[in-house]
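Worksheet: the structure to be examined is printed underneath.
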Amino acid sequence: MSFAYQSVFTEENERDLEEMELQVLRMQNDMKEIAKKWDVVGVDQTKEDNLVIVYKAEEEERCKLMLNDCDSAFRGVWDFALQALFPDEERIHIGDIKGPENKGYGSICIHYLKELAKDKNIPYITGDISDRDWDHLDRLIHFYEKHNFQVEVDYHTKSGKIVWNQAY
């Protein structure tokens, strides 16, 4: 390995290490603030290697999974959220997903939603596809199929349904 390559490699590693240390410090501070108001359910890592804090607000009939990216300081508002309902004992129904795309946040929240379903012994997670989703339908189908949901789409009515069954 040449000296020039070693220098660049070392500088890059040092920057990555400094960024990770900064994220860990933010995570420690943010975790204290988040835990005052919500239940922290985990710490994860995005596809861009950012640390994220996953937390939830749960009531009898609904829950909200939220995510804070430790790339920036927590300002009292989530960076990503998945809202769901408990319409009956057999399923969790996804109501809405809000936040930026293509950061891996949705995958992280779906993982925690599945864990919640397993913990509560709820066999199904369902959701609807509506005409407001039509401009990103292909991405939506890919996302849900990647997470083992069955996706049914009616192109005529611009609607659809998703179902995840933990038995599969």
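If you're wondering about the labels, chains in the structure tokens are A, B, ... by order shown, residues count from 1 in each chain, ligands from 1 in order shown.
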
**Message:** Taking only chain A into account, list the residues labelled helix (DSSP H, G or I) by DSSP (computed from the backbone), as a PyMOL selection string.
**Reply:** chain A and resi 3-37+105-119+131-146

**Request:** Name the residues in contact with Ala84 of chain A at a cut-off of 12 Å, using only C-alpha atoms, excluding same-chain residues fewer than 4 positions from it; report them as number ranges by chain.
**Result:** A: 56-66, 91-98, 109-110, 113-114, 116-117, 125-128

Using backbone DSSP assignments, extract all strand (DSSP E) residues from segment 8-132 of chain A; output them as a compact mmCIF listing (two decimals) with C-alpha atoms, in the first residue's frame.
# COMPACT_ATOMS: atom_id res chain seq x y z
CA ASP A 39 -41.09 4.72 25.28
CA VAL A 40 -37.71 4.11 23.64
CA VAL A 41 -37.93 0.75 21.87
CA GLY A 42 -34.54 0.56 20.23
CA VAL A 43 -31.49 2.01 18.57
CA ASP A 44 -30.79 1.07 14.98
CA GLN A 45 -28.64 2.04 12.04
CA LEU A 51 -27.66 5.89 14.30
CA VAL A 52 -31.39 6.32 14.97
CA ILE A 53 -33.49 6.16 18.10
CA VAL A 54 -36.84 4.40 17.68
CA TYR A 55 -39.58 5.28 20.15
CA LYS A 56 -43.33 4.89 20.45
CA ALA A 57 -46.47 6.35 21.86
CA GLU A 58 -49.06 3.65 22.48
CA ARG A 62 -53.51 3.19 18.38
CA CYS A 63 -49.78 3.54 18.34
CA LYS A 64 -47.19 5.70 16.70
CA LEU A 65 -43.64 4.56 16.02
CA MET A 66 -41.25 7.45 15.63
CA LEU A 67 -37.63 7.74 14.70
CA ASN A 68 -34.96 10.33 15.44
CA ASP A 69 -31.82 10.37 13.29
CA PHE A 80 -40.04 9.85 10.64
CA ALA A 81 -43.30 8.34 11.93
CA LEU A 82 -45.53 5.35 11.29
CA GLN A 83 -49.08 5.63 12.65
CA ALA A 84 -51.13 2.50 13.24
CA LEU A 85 -54.45 1.43 14.73
CA PHE A 86 -55.52 -1.67 16.67
CA PRO A 87 -58.97 -2.22 15.09
CA ASP A 88 -59.32 -5.66 16.69
CA ARG A 91 -54.48 -7.05 13.40
CA ILE A 92 -52.58 -3.81 13.42
CA HIS A 93 -53.64 -1.46 10.63
CA ILE A 94 -51.10 1.00 9.21
CA GLY A 95 -52.77 4.39 8.93
CA ASP A 96 -50.01 6.62 7.64
CA ILE A 97 -46.26 6.79 7.14
CA LYS A 98 -44.65 10.24 7.20
CA TYR A 124 -51.72 -9.60 10.95
CA ILE A 125 -50.57 -6.16 9.89
CA THR A 126 -52.78 -4.56 7.24
CA GLY A 127 -52.93 -1.32 5.34
CA ASP A 128 -54.57 0.43 2.43
CA ILE A 129 -53.23 1.86 -0.77

**Atomic distance atom CA of Pro123 of chain A - atom CA of Phe149 of chain A, expressed in Å with one decimal** =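 Calculated distance between atom CA of Pro123 of chain A and atom CA of Phe149 of chain A is 12.5 Å.
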
**Request:** Point out the residue among A:Lys37, A:Ser107, A:Glu11, A:Lys120 with the least atom-to-atom distance to Glu145 of chain A, counting only C-alpha atoms.
**Result:** A:Ser107
